[in-house]
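Structure data (mmCIF, C-alpha atoms) from protein13.cif:
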```
data_structure
loop_
_atom_site.label_atom_id
_atom_site.label_comp_id
_atom_site.auth_asym_id
_atom_site.auth_seq_id
_atom_site.Cartn_x
_atom_site.Cartn_y
_atom_site.Cartn_z
CA MET A 165 -23.78 -37.69 -4.73
CA VAL A 166 -22.44 -35.93 -1.60
CA ALA A 167 -23.02 -32.23 -1.03
CA LEU A 168 -19.99 -30.13 -0.21
CA PRO A 169 -19.97 -28.85 3.41
CA SER A 170 -19.08 -25.28 2.44
CA GLY A 171 -22.13 -25.05 0.22
CA GLN A 172 -24.44 -26.20 3.00
CA HIS A 173 -23.40 -23.40 5.36
CA GLU A 174 -23.14 -20.51 2.91
CA PRO A 175 -26.87 -19.53 2.92
CA THR A 176 -26.90 -19.55 6.73
CA ARG A 177 -23.87 -17.24 6.88
CA ARG A 178 -25.50 -14.80 4.46
CA THR A 179 -28.75 -14.91 6.46
CA ASP A 180 -26.97 -14.26 9.77
CA ARG A 181 -25.02 -11.38 8.24
CA GLU A 182 -28.17 -9.78 6.87
CA LYS A 183 -30.08 -10.33 10.11
CA LEU A 184 -27.37 -8.60 12.11
CA PHE A 185 -27.24 -5.69 9.67
CA ARG A 186 -31.00 -5.21 9.90
CA ALA A 187 -30.77 -5.09 13.69
CA ALA A 188 -29.18 -1.63 13.33
CA PRO A 189 -31.55 1.34 13.84
CA LEU A 190 -33.86 1.85 10.86
CA LEU A 191 -32.91 5.53 10.67
CA TRP A 192 -29.22 4.67 10.42
CA ARG A 193 -29.84 2.13 7.67
CA ALA A 194 -31.90 4.71 5.78
CA LEU A 195 -29.13 7.30 6.10
CA MET A 196 -26.61 4.71 4.91
CA ARG A 197 -28.72 4.21 1.79
CA VAL A 198 -28.70 7.97 1.15
CA ASP A 199 -24.96 8.01 1.76
CA ARG A 200 -24.44 5.27 -0.83
CA ALA A 201 -26.30 7.36 -3.41
CA VAL A 202 -24.11 10.39 -2.68
CA VAL A 203 -20.94 8.31 -3.00
CA ALA A 204 -22.20 6.76 -6.25
CA VAL A 205 -22.62 10.26 -7.70
CA THR A 206 -19.21 11.34 -6.42
CA GLY A 207 -17.01 8.57 -7.83
CA ARG A 208 -16.41 4.88 -8.46
CA LEU A 209 -16.44 2.89 -5.23
CA GLU A 210 -14.17 -0.17 -5.21
CA VAL A 211 -14.18 -2.38 -2.10
CA THR A 212 -11.90 -5.35 -1.42
CA GLY A 213 -11.51 -7.61 1.58
CA ASP A 214 -14.16 -8.31 4.19
CA VAL A 215 -14.83 -8.84 7.90
CA PRO A 216 -14.99 -12.56 8.77
CA ASP A 217 -18.44 -13.79 9.79
CA GLU A 218 -17.12 -15.19 13.06
CA LEU A 219 -16.18 -11.66 14.21
CA ARG A 220 -19.58 -10.14 13.56
CA GLY A 221 -21.82 -9.57 16.56
CA LYS A 222 -18.77 -9.46 18.85
CA PRO A 223 -16.75 -6.46 20.10
CA LEU A 224 -15.13 -5.17 16.93
CA LEU A 225 -13.09 -2.07 16.12
CA LEU A 226 -12.63 -0.85 12.55
CA ALA A 227 -9.50 1.32 12.37
CA ALA A 228 -9.11 3.44 9.22
CA ASN A 229 -6.69 6.00 7.85
CA HIS A 230 -8.07 9.53 7.47
CA ILE A 231 -7.35 11.25 4.15
CA GLY A 232 -10.12 13.79 3.52
CA ASN A 233 -13.35 15.50 4.48
CA LEU A 234 -15.49 13.11 2.46
CA ASP A 235 -13.85 9.84 3.46
CA PRO A 236 -16.36 9.11 6.29
CA LEU A 237 -19.08 8.89 3.62
CA VAL A 238 -16.90 6.56 1.55
CA LEU A 239 -16.23 4.33 4.56
CA ILE A 240 -19.94 4.13 5.38
CA ALA A 241 -20.74 3.15 1.79
CA ALA A 242 -17.98 0.53 1.82
CA CYS A 243 -19.27 -0.91 5.10
CA ARG A 244 -22.76 -1.10 3.66
CA THR A 245 -21.52 -3.26 0.77
CA ARG A 246 -20.21 -5.68 3.41
CA ARG A 247 -23.49 -5.47 5.39
CA LEU A 248 -21.88 -3.66 8.30
CA ALA A 249 -23.59 -0.82 10.16
CA PRO A 250 -20.69 0.82 12.00
CA ARG A 251 -21.01 3.28 14.84
CA PHE A 252 -18.76 6.32 14.83
CA MET A 253 -17.14 7.84 17.90
CA ALA A 254 -17.92 11.55 17.99
CA THR A 255 -17.08 14.38 20.36
CA ALA A 256 -19.67 15.63 22.85
CA GLY A 257 -20.01 18.91 20.93
CA LEU A 258 -21.59 17.14 17.94
CA PHE A 259 -24.09 15.37 20.19
CA GLU A 260 -25.17 18.72 21.64
CA THR A 261 -26.05 20.35 18.30
CA PRO A 262 -29.84 20.68 17.74
CA VAL A 263 -30.39 18.40 14.73
CA LEU A 264 -27.19 16.40 14.29
CA GLY A 265 -27.08 15.49 17.98
CA GLY A 266 -30.51 13.89 17.83
CA LEU A 267 -29.57 11.90 14.73
CA LEU A 268 -26.36 10.65 16.35
CA ARG A 269 -28.21 9.50 19.46
CA ARG A 270 -31.00 7.77 17.54
CA CYS A 271 -28.44 5.98 15.36
CA ARG A 272 -26.59 4.83 18.50
CA HIS A 273 -23.25 6.42 17.70
CA VAL A 274 -20.79 6.73 20.56
CA ARG A 275 -20.30 9.98 22.48
CA VAL A 276 -16.83 10.91 23.76
CA ASP A 277 -16.71 13.55 26.52
CA ARG A 278 -13.08 14.54 26.21
CA GLY A 279 -13.19 17.69 28.29
CA LYS A 280 -15.66 16.54 30.95
CA ALA A 281 -14.15 13.29 32.17
CA THR A 282 -10.82 11.89 33.13
CA ALA A 283 -8.99 9.70 30.65
CA ALA A 284 -9.96 6.61 32.67
CA GLU A 285 -13.64 7.58 32.73
CA ALA A 286 -13.67 8.30 29.00
CA MET A 287 -12.01 4.94 28.28
CA GLY A 288 -14.50 3.14 30.53
CA LYS A 289 -17.45 4.65 28.68
CA ALA A 290 -15.91 3.80 25.32
CA VAL A 291 -15.33 0.17 26.32
CA ALA A 292 -18.86 -0.11 27.71
CA ALA A 293 -20.30 1.23 24.44
CA LEU A 294 -18.16 -1.20 22.47
CA THR A 295 -19.28 -4.27 24.42
CA SER A 296 -22.97 -3.35 24.76
CA ASP A 297 -23.86 -3.35 21.05
CA ASP A 298 -23.48 -5.94 18.30
CA HIS A 299 -22.30 -3.43 15.69
CA PRO A 300 -18.65 -2.42 15.22
CA VAL A 301 -17.17 0.94 16.18
CA LEU A 302 -15.28 2.79 13.46
CA LEU A 303 -12.43 5.09 14.48
CA TYR A 304 -9.52 7.06 13.04
CA PRO A 305 -6.37 6.22 15.05
CA GLU A 306 -4.67 9.35 13.70
CA GLY A 307 -7.35 11.61 15.16
CA ARG A 308 -7.29 13.98 12.17
CA ILE A 309 -6.86 14.10 8.41
CA THR A 310 -3.26 13.17 7.73
CA LEU A 311 -0.88 16.07 7.21
CA GLU A 312 1.99 13.75 6.31
CA PRO A 313 3.82 15.18 3.25
CA ASP A 314 2.80 12.32 0.93
CA MET A 315 -0.46 11.43 2.71
CA TRP A 316 0.73 8.27 4.42
CA PRO A 317 -0.79 7.62 7.86
CA GLU A 318 0.67 9.65 10.70
CA ARG A 319 2.09 7.91 13.78
CA GLY A 320 -1.38 7.67 15.34
CA LYS A 321 -2.57 7.77 18.93
CA THR A 322 -2.95 4.86 21.35
CA GLY A 323 -6.69 5.31 21.98
CA VAL A 324 -7.84 2.57 19.60
CA ALA A 325 -5.16 0.21 20.92
CA ARG A 326 -6.15 0.88 24.54
CA MET A 327 -9.81 0.24 23.75
CA ALA A 328 -8.97 -3.02 22.02
CA LEU A 329 -6.77 -4.26 24.86
CA ALA A 330 -9.22 -3.20 27.59
CA SER A 331 -12.26 -4.78 25.94
CA GLY A 332 -10.73 -7.75 24.14
CA ALA A 333 -12.19 -6.43 20.89
CA THR A 334 -10.75 -7.50 17.56
CA VAL A 335 -9.24 -4.76 15.39
CA VAL A 336 -9.79 -4.89 11.63
CA PRO A 337 -7.65 -2.36 9.71
CA ILE A 338 -9.28 -0.43 6.87
CA SER A 339 -7.14 1.26 4.23
CA GLN A 340 -8.59 3.81 1.84
CA TRP A 341 -7.37 5.92 -1.06
CA GLY A 342 -9.05 8.30 -3.48
CA ALA A 343 -11.48 10.11 -1.19
CA HIS A 344 -8.99 12.99 -0.91
CA GLU A 345 -9.80 13.73 -4.56
CA ALA A 346 -13.52 14.05 -3.83
CA MET A 347 -13.29 17.20 -1.68
CA CYS A 348 -10.45 19.55 -0.85
CA TYR A 349 -9.06 19.98 2.66
CA GLY A 350 -10.27 23.57 2.75
CA MET A 351 -10.00 24.91 6.30
CA VAL A 352 -9.96 23.52 9.83
CA THR A 353 -13.33 25.10 10.72
CA VAL A 354 -16.06 26.39 8.42
CA GLU A 355 -16.85 29.98 9.39
CA SER A 356 -18.61 31.48 6.38
CA ALA A 357 -20.60 30.75 3.26
CA ARG A 358 -17.42 31.24 1.26
CA ASP A 359 -15.76 28.41 3.20
CA LEU A 360 -18.70 26.15 2.40
CA TRP A 361 -18.53 27.08 -1.28
CA ILE A 362 -14.83 26.14 -1.44
CA LEU A 363 -15.68 22.66 -0.19
CA PHE A 364 -18.83 22.26 -2.28
CA SER A 365 -17.23 23.48 -5.51
CA SER A 366 -14.35 21.04 -5.07
CA TRP A 367 -16.92 18.24 -4.72
CA LEU A 368 -18.67 19.36 -7.92
CA ARG A 369 -15.36 19.14 -9.78
CA ALA A 370 -14.91 15.62 -8.42
CA VAL A 371 -18.38 14.65 -9.66
CA ARG A 372 -17.21 15.50 -13.18
CA ARG A 373 -13.92 13.59 -12.79
CA ARG A 374 -15.44 10.60 -10.91
CA PRO A 375 -12.32 9.48 -9.02
CA ARG A 376 -11.76 5.90 -7.92
CA LEU A 377 -12.70 5.55 -4.25
CA ARG A 378 -10.81 2.49 -3.03
CA VAL A 379 -11.39 0.79 0.34
CA HIS A 380 -9.75 -2.38 1.61
CA PHE A 381 -10.71 -4.41 4.69
CA GLY A 382 -7.53 -6.08 5.97
CA SER A 383 -6.94 -9.14 8.09
CA PRO A 384 -7.56 -8.81 11.86
CA VAL A 385 -4.54 -7.49 13.76
CA ASP A 386 -3.07 -10.02 16.18
CA LEU A 387 -2.84 -8.42 19.65
CA SER A 388 -3.18 -11.68 21.59
CA ASP A 389 0.25 -11.41 23.24
CA LEU A 390 -0.35 -7.86 24.52
CA SER A 391 -2.03 -6.70 27.73
CA ALA A 392 -3.82 -3.55 28.83
CA ASP A 393 -1.94 -3.68 32.14
CA ARG A 394 1.61 -3.97 30.79
CA VAL A 395 3.58 -0.78 30.24
CA GLY A 396 4.36 -0.18 26.58
CA ASP A 397 1.84 -2.64 25.16
CA ALA A 398 -0.59 0.10 24.11
CA ALA A 399 2.13 1.65 21.94
CA ARG A 400 3.05 -1.77 20.55
CA ALA A 401 -0.60 -2.44 19.68
CA ARG A 402 -0.87 1.01 18.06
CA ASP A 403 2.20 0.29 15.95
CA ARG A 404 0.78 -3.02 14.70
CA ILE A 405 -2.56 -1.43 13.84
CA MET A 406 -1.00 1.50 11.97
CA ARG A 407 1.43 -0.79 10.15
CA ALA A 408 -1.46 -3.00 9.01
CA ILE A 409 -3.33 0.05 7.69
CA ALA A 410 -0.22 1.22 5.81
CA GLU A 411 0.39 -2.22 4.32
CA GLY A 412 -3.14 -2.31 2.93
CA LEU A 413 -2.73 1.22 1.64
CA THR A 414 0.39 0.21 -0.29
CA THR A 415 -1.68 -2.04 -2.54
CA LEU A 416 -4.21 0.74 -3.17
CA ARG A 417 -1.69 3.41 -4.10
CA THR A 418 0.22 1.51 -6.76
CA GLY A 419 2.08 4.09 -8.82
CA GLU A 420 1.62 6.71 -6.07
CA LEU A 421 3.93 5.45 -3.35
CA GLY A 422 5.66 8.81 -3.43
CA ALA A 423 3.78 12.05 -3.91
CA PRO A 424 0.05 11.60 -4.72
CA HIS A 425 -1.00 12.33 -8.30
CA HIS A 426 -3.78 14.58 -7.00
CA LEU A 427 -2.36 17.63 -5.24
CA ASP A 428 -4.58 19.73 -2.98
CA PRO A 429 -3.17 23.27 -2.55
CA THR A 430 -5.44 23.86 0.48
CA ARG A 431 -4.04 20.96 2.51
CA PRO A 432 -1.22 21.94 4.88
CA ALA A 433 1.58 19.45 5.44
CA THR A 434 4.00 18.81 8.26
CA ASP A 435 7.69 18.11 7.74
CA LYS A 436 7.46 14.77 9.55
CA PRO A 437 7.42 11.70 7.29
CA SER A 438 5.24 8.79 8.33
CA PRO A 439 7.02 6.00 10.23
CA TRP A 440 4.77 3.53 8.36
CA ARG A 441 5.48 4.48 4.77
CA PRO A 442 7.11 1.70 2.74
#
```

Output the file's structure in the form of structure tokens.
Amino acid sequence: MVALPSGQHEPTRRTDREKLFRAAPLLWRALMRVDRAVVAVTGRLEVTGDVPDELRGKPLLLAANHIGNLDPLVLIAACRTRRLAPRFMATAGLFETPVLGGLLRRCRHVRVDRGKATAAEAMGKAVAALTSDDHPVLLYPEGRITLEPDMWPERGKTGVARMALASGATVVPISQWGAHEAMCYGMVTVESARDLWILFSSWLRAVRRRPRLRVHFGSPVDLSDLSADRVGDAARARDRIMRAIAEGLTTLRTGELGAPHHLDPTRPATDKPSPWRP
């Protein structure tokens, strides 16, 4: 009897994946466990797709659409199911807050000094952070919660594309749907206890409804023919990344390709339709 080759290597792949996950800071793994419990209370997490083993431990960017205030927690929980410990890029202001700043630093998240460095300096620091750690960086190419009329991804910025081209990192698109039902948009900045209550009460209503929180890891985006030095390639890379996210989202929003079933009266909307909507 001859053993199948795929069976021989499967335990090793699982071991390597787990070993890499456990190399993340203990505090971050503990917070991810707490996050998973919060998401489990909030709704029904459904994760499809995966990140290939051969990409793990190498420069890797996870690019996701942004649909609500609670979707970072959903993305973290989804990554945990795939034994990924992603690092978020956060603005310098968050790193300077008394408690949160210390947590971000200890968990090795990536600081972005937008107002204190030139664009070139900021990009250099981002690329250095990406290549100096074995864990992926998770970003939102749109830069904000989508205000597209039907909640399709907005055009997006070129930052993720520029990072990928400058570092040679692989980009894996992540599409998500349902987290917008878990907490309302509310307001741009929280300024009072009433603002907090609006957000918290909307989450309590979601806990009773238990919405489906769907996340899909897509296939890596092919950027091999593009260059960081060629004019226009950053925009081309951005377009491919955003299109891949939208394609994955199409499968998650079956029956909701037009207006979402869940309408949030607190979410403003622009009059610009997404260039990526089907």

Residues matched by the PyMOL selection byres ((chain A and resi 317) around 7), written as a PyMOL selection string: chain A and resi 229+310+312+315-316+318-319+410+438+440

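Between atom CA of Asn233 of chain A and atom CA of Ala343 of chain A there is a distance of 8.0 Å.
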
Expected selection from the PyMOL selection byres ((chain A and resi 372-386) around 8), given as a short mmCIF file (atom, residue, chain, number, x, y, z; two decimals) with C-alpha atoms, in the coordinates of the input:
```
data_model
loop_
_atom_site.label_atom_id
_atom_site.label_comp_id
_atom_site.auth_asym_id
_atom_site.auth_seq_id
_atom_site.Cartn_x
_atom_site.Cartn_y
_atom_site.Cartn_z
CA VAL A 205 -22.62 10.26 -7.70
CA THR A 206 -19.21 11.34 -6.42
CA GLY A 207 -17.01 8.57 -7.83
CA ARG A 208 -16.41 4.88 -8.46
CA LEU A 209 -16.44 2.89 -5.23
CA GLU A 210 -14.17 -0.17 -5.21
CA VAL A 211 -14.18 -2.38 -2.10
CA THR A 212 -11.90 -5.35 -1.42
CA GLY A 213 -11.51 -7.61 1.58
CA ASP A 214 -14.16 -8.31 4.19
CA VAL A 215 -14.83 -8.84 7.90
CA VAL A 238 -16.90 6.56 1.55
CA LEU A 239 -16.23 4.33 4.56
CA ALA A 242 -17.98 0.53 1.82
CA THR A 334 -10.75 -7.50 17.56
CA VAL A 335 -9.24 -4.76 15.39
CA VAL A 336 -9.79 -4.89 11.63
CA PRO A 337 -7.65 -2.36 9.71
CA ILE A 338 -9.28 -0.43 6.87
CA SER A 339 -7.14 1.26 4.23
CA GLN A 340 -8.59 3.81 1.84
CA TRP A 341 -7.37 5.92 -1.06
CA GLY A 342 -9.05 8.30 -3.48
CA ALA A 343 -11.48 10.11 -1.19
CA GLU A 345 -9.80 13.73 -4.56
CA ALA A 346 -13.52 14.05 -3.83
CA LEU A 368 -18.67 19.36 -7.92
CA ARG A 369 -15.36 19.14 -9.78
CA ALA A 370 -14.91 15.62 -8.42
CA VAL A 371 -18.38 14.65 -9.66
CA LEU A 387 -2.84 -8.42 19.65
CA SER A 388 -3.18 -11.68 21.59
CA ASP A 389 0.25 -11.41 23.24
CA ARG A 404 0.78 -3.02 14.70
CA ILE A 405 -2.56 -1.43 13.84
CA ALA A 408 -1.46 -3.00 9.01
CA ILE A 409 -3.33 0.05 7.69
CA GLY A 412 -3.14 -2.31 2.93
CA LEU A 413 -2.73 1.22 1.64
CA LEU A 416 -4.21 0.74 -3.17
#
```

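Of note, atom CA of Val274 of chain A and atom CA of Glu182 of chain A are spaced 22.7 Å apart.
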
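Take the PyMOL selection byres ((chain A and resi 269) around 12) and apply it to this file: it picks Pro189, Leu191, Trp192, Arg251, Phe252, Met253, Ala254, Ala256, Leu258, Phe259, Glu260, Thr261, Pro262, Val263, Leu264, Gly265, Gly266, Leu267, Leu268, Arg270, Cys271, Arg272, His273, Val274 and Arg275 of chain A.
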
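Minimum distance to Met351 of chain A across A:Asp428, A:Glu306, A:Asp435, A:Asp277 (counting only C-alpha atoms) occurs at A:Asp428.
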
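Straight-line separation from atom CA of Phe364 of chain A to atom CA of Met347 of chain A: 7.5 Å.
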
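Between Thr414 of chain A and the candidates A:Pro223, A:Gly396, A:Pro300, A:Pro442, the tightest atom-to-atom separation, counting only C-alpha atoms, involves A:Pro442.
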
Regenerate segment 237-256 of chain A at the level of N, CA and C atoms and dump it as a compact mmCIF listing (two decimals), keeping the file's coordinate frame.
```
# COMPACT_ATOMS: atom_id res chain seq x y z
N LEU A 237 -17.98 9.35 4.47
CA LEU A 237 -19.08 8.89 3.62
C LEU A 237 -18.66 7.67 2.80
N VAL A 238 -17.41 7.69 2.33
CA VAL A 238 -16.90 6.56 1.55
C VAL A 238 -16.80 5.32 2.42
N LEU A 239 -16.34 5.48 3.64
CA LEU A 239 -16.23 4.33 4.56
C LEU A 239 -17.60 3.75 4.88
N ILE A 240 -18.58 4.61 5.09
CA ILE A 240 -19.94 4.13 5.38
C ILE A 240 -20.47 3.33 4.19
N ALA A 241 -20.27 3.86 2.99
CA ALA A 241 -20.74 3.15 1.79
C ALA A 241 -20.03 1.81 1.64
N ALA A 242 -18.73 1.78 1.92
CA ALA A 242 -17.98 0.53 1.82
C ALA A 242 -18.49 -0.48 2.85
N CYS A 243 -18.74 -0.02 4.06
CA CYS A 243 -19.27 -0.91 5.10
C CYS A 243 -20.63 -1.46 4.70
N ARG A 244 -21.43 -0.64 4.06
CA ARG A 244 -22.76 -1.10 3.66
C ARG A 244 -22.66 -2.24 2.64
N THR A 245 -21.68 -2.17 1.75
CA THR A 245 -21.52 -3.26 0.77
C THR A 245 -21.16 -4.56 1.46
N ARG A 246 -20.57 -4.48 2.64
CA ARG A 246 -20.21 -5.68 3.41
C ARG A 246 -21.23 -5.96 4.50
N ARG A 247 -22.38 -5.29 4.43
CA ARG A 247 -23.49 -5.47 5.39
C ARG A 247 -23.03 -5.21 6.82
N LEU A 248 -22.30 -4.13 6.99
CA LEU A 248 -21.88 -3.66 8.30
C LEU A 248 -22.53 -2.31 8.56
N ALA A 249 -23.00 -2.10 9.77
CA ALA A 249 -23.59 -0.82 10.16
C ALA A 249 -22.75 -0.24 11.29
N PRO A 250 -21.62 0.37 10.96
CA PRO A 250 -20.69 0.82 12.00
C PRO A 250 -21.20 2.01 12.78
N ARG A 251 -20.74 2.11 14.01
CA ARG A 251 -21.01 3.28 14.84
C ARG A 251 -19.74 4.12 14.91
N PHE A 252 -19.90 5.42 14.75
CA PHE A 252 -18.76 6.32 14.83
C PHE A 252 -18.61 6.85 16.26
N MET A 253 -17.39 7.13 16.66
CA MET A 253 -17.14 7.84 17.90
C MET A 253 -17.07 9.32 17.57
N ALA A 254 -17.86 10.12 18.27
CA ALA A 254 -17.92 11.55 17.99
C ALA A 254 -17.79 12.34 19.29
N THR A 255 -17.27 13.54 19.18
CA THR A 255 -17.08 14.38 20.36
C THR A 255 -18.44 14.85 20.90
N ALA A 256 -18.44 15.22 22.19
CA ALA A 256 -19.67 15.63 22.85
C ALA A 256 -20.32 16.83 22.15
```
